[in-house]
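**Student:** The structure that follows is given in the form of structure tokens.
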Amino acid sequence: MKRILITIAIGVAAMSLCACVGGKKAEAADSKTPAEIMLARLQKLQQDSLTAFGHHDDTAYGRYWEYMPDSSDVKTVSGDYPAVMNWDLGWIETGADKQLDGVPFEFIKAEIVKQDARGGMNALSWHLRNPLTGGDSWDNANDSTLAVVMRDKAMTDTLRKWIGMTADFIGDLRDKDGKRIPVMWRPWHEHTGEWFWWGINHGSADDYKNLWKLTREVFDDKGIDNVVWVYSPDKSNVNSYEDYMQRYPGDNYVDVMGADVYYFDGPDADSIFFDRIDKTLGAAVRAAKEHGKVAAFSETGFEGLPSSDWYMTRLMRVLDKYNVAFVTVWRNSNTKPNHWYTPYPGHPGVKDFKEFHDNAKTVFCKEMSKL
């Protein structure tokens with residue numbers, strides 16, 4: 001019943017908005033960039049204490065399938081697509097036709113168009129190669145890669161070219177009317193961790209801030225106006241608000257304050273998880289409030305999902321405490337053992353996930369289309 005009432009309320013609000021748009025108001029709406037339109041939708045979610053649910057690579061593959069038209073583990077289990085679909089552009093910088101997990105870039109582009117047409121939203125991350133070593137994002141053979149890349153002109157020029165390739169891909173995302181499709185762009189994520197070459201041990205705070213500024217400079221030079229910028233530290237090395245903000249590039253470069261916090265099994269798993277949530281996501285929510293930004297739980301999950309009630313007893317507990325515009329869990333791999341993050345048909349957590357879907361706070365694609 002709660003779900004029905006909220007859907008009706010959103011629908012009435014949407015109709016009221018359409019009824020009052022005319023003349024100068026319509027012109028003002030038309031003058032907004034795609035990014036501004038998406039940001040307004042995110043702000044609306046947060047204002048209404050709603051959280052859009054997201055899933056990585058949702059329609060590319062699932063636990064027991066891959067590349068089947070209109071398929072989705074989330075949709076099969078809940079009856080609806082996720083409100084947000086996340087995709088990764090890793091390896092686009094090499095000129096490859098598929099990203100690091102084997103998903104073709106043309107497929108990603110087509111699915112972004114479909115998700116946008118449904119009324120849902122799309123987000124992008126980027127696990128790019130190491131420009132210094134030629135390895136992947138996790139190549140830490142040189143423990144000061146970020147510092148070297150930002151100080152060596154040839155390396156910086158290479159990185160500038162790579163960033164330009166992502167900007168070109170994003171700028172080319174168009175709907176059936178030729179209008180640019182907005183996306184949330186989450187580059188240089190989890191930088192407070194130590195595993196990526198742009199991480200906390202591989203360069204100074206200024207190096208990281210300059211990396212963001214370089215990225216924005218390339219996008220702005222190309223006139224890319226369909227990007228909502230997401231800053232997303234990991235739980236690692238974030239024990240205070242000051243830790244969270246230490247490498248923040250500034251209000252002119254960020255729209256969304258995110259946090260990446262995964263759940264790991266083991267002794268005291270719950271207390272450890274919720275403590276990390278309070279420190280990292282708590283800092284993100286505070287930063288969003290103080291800096292006039294949107295707050296988000298940008299990446300989370302429980303690998304293998306061995307719990308049958310994780311969504312309602314852990315994730316929903318987080319969403320009830322912290323008002324965030326969206327939450328995204330990672331992918332359901334059909335090739336990597338024990339690497340899935342949402343229930344699939346036959347999983348013991350199906351009932352729990354349906355309850356999560358039906359909760360008045362969570363928003364999936366059908367409801368998202370009304371916002």
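To be explicit about the labels: the chains of the structure tokens are called A, B, and onward in the order shown, and within each one the residues are counted from 1, while ligands get numbers from 1 in the order they are shown.
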Using DSSP on the backbone coordinates, identify all residues within range 250-365 of chain A classified as helix (DSSP H, G or I); present the result as a PyMOL selection string.
**Tutor:** chain A and resi 269-291+310-321+350-358+365
**Student:** Using DSSP assignments from the backbone, pull out every residue in range 178-348 of chain A that falls under strand (DSSP E or B) and give it to me as a PyMOL selection string.
**Tutor:** chain A and resi 180+183-186+227-231+234+256-257+260+263+294-295+297-300+302+326-329
**Student:** Go through A:Met85, A:Met316, A:Ala283, A:Ile37 and flag the residue nearest Leu124 in chain A, using only C-alpha atoms for the distances.
**Tutor:** A:Met85
**Student:** Which residue is closest to Asn338 in chain A? Choose from A:Phe273, A:Tyr322, A:Arg63, A:Leu211 and count only C-alpha atoms.
**Tutor:**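 Ranked by minimum distance to Asn338 in chain A, first place goes to A:Arg63.
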**Student:** What does the structure give for the distance between CA of Asp172 in chain A and CA of Ala117 in chain A, in Å to one decimal?
**Tutor:** 15.9 Å
**Student:** A:Met150, A:Val324, A:Ala141, A:Val74: which is nearest Ser49 in chain A, counting only C-alpha atoms?
**Tutor:** A:Val324
**Student:** Wanna dump the range 50-126 of chain A-range 189-200 of chain A contacts at 12 Å for me, each residue with its shortest atom pair and the distance in Å to one decimal, counting only C-alpha atoms, ordered by chain and number, as JSON lines?
**Tutor:**
```
{"residue": "A:Asp88", "atom": "CA", "partner": "A:His189", "partner_atom": "CA", "distance": 11.8}
{"residue": "A:Leu124", "atom": "CA", "partner": "A:His189", "partner_atom": "CA", "distance": 10.9}
{"residue": "A:Ser125", "atom": "CA", "partner": "A:His189", "partner_atom": "CA", "distance": 7.7}
{"residue": "A:Trp126", "atom": "CA", "partner": "A:His189", "partner_atom": "CA", "distance": 8.3}
```
**Student:** Quick one: everything within 12 Å of Pro69 in chain A, counting only C-alpha atoms, minus sequence neighbours fewer than 4 positions away in the same chain. Send it as a list of chain:residue names.
**Tutor:**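 Listing them by chain and then by number gives A:Asp58, A:Thr59, A:Ala60, A:Tyr61, A:Trp65, A:Phe107, A:Ala110, A:Glu111, A:Lys114.
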**Student:** Nearest to Ala259 in chain A among A:Asp220, A:Asp278, A:Asp177, A:Asp116, with distances taken over only C-alpha atoms: which residue is it?
**Tutor:**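 Nearest candidate to Ala259 in chain A out of A:Asp220, A:Asp278, A:Asp177, A:Asp116: A:Asp278.
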**Student:** For Ile108 in chain A, which of A:Arg41, A:Arg151, A:Lys366, A:His56 is the closest residue, counting only C-alpha atoms?
**Tutor:** A:His56
**Student:** Please determine, counting only C-alpha atoms, which residue among A:Val327, A:Val218, A:Asp152, A:Ala147 has the shortest atom-to-atom distance to Asp206 in chain A.
**Tutor:** A:Ala147
**Student:** For the atom pair CA of Arg174 in chain A and CA of Leu89 in chain A, what is the interatomic distance in Å to one decimal place?
**Tutor:**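 Calculated distance between CA of Arg174 in chain A and CA of Leu89 in chain A is 17.0 Å.
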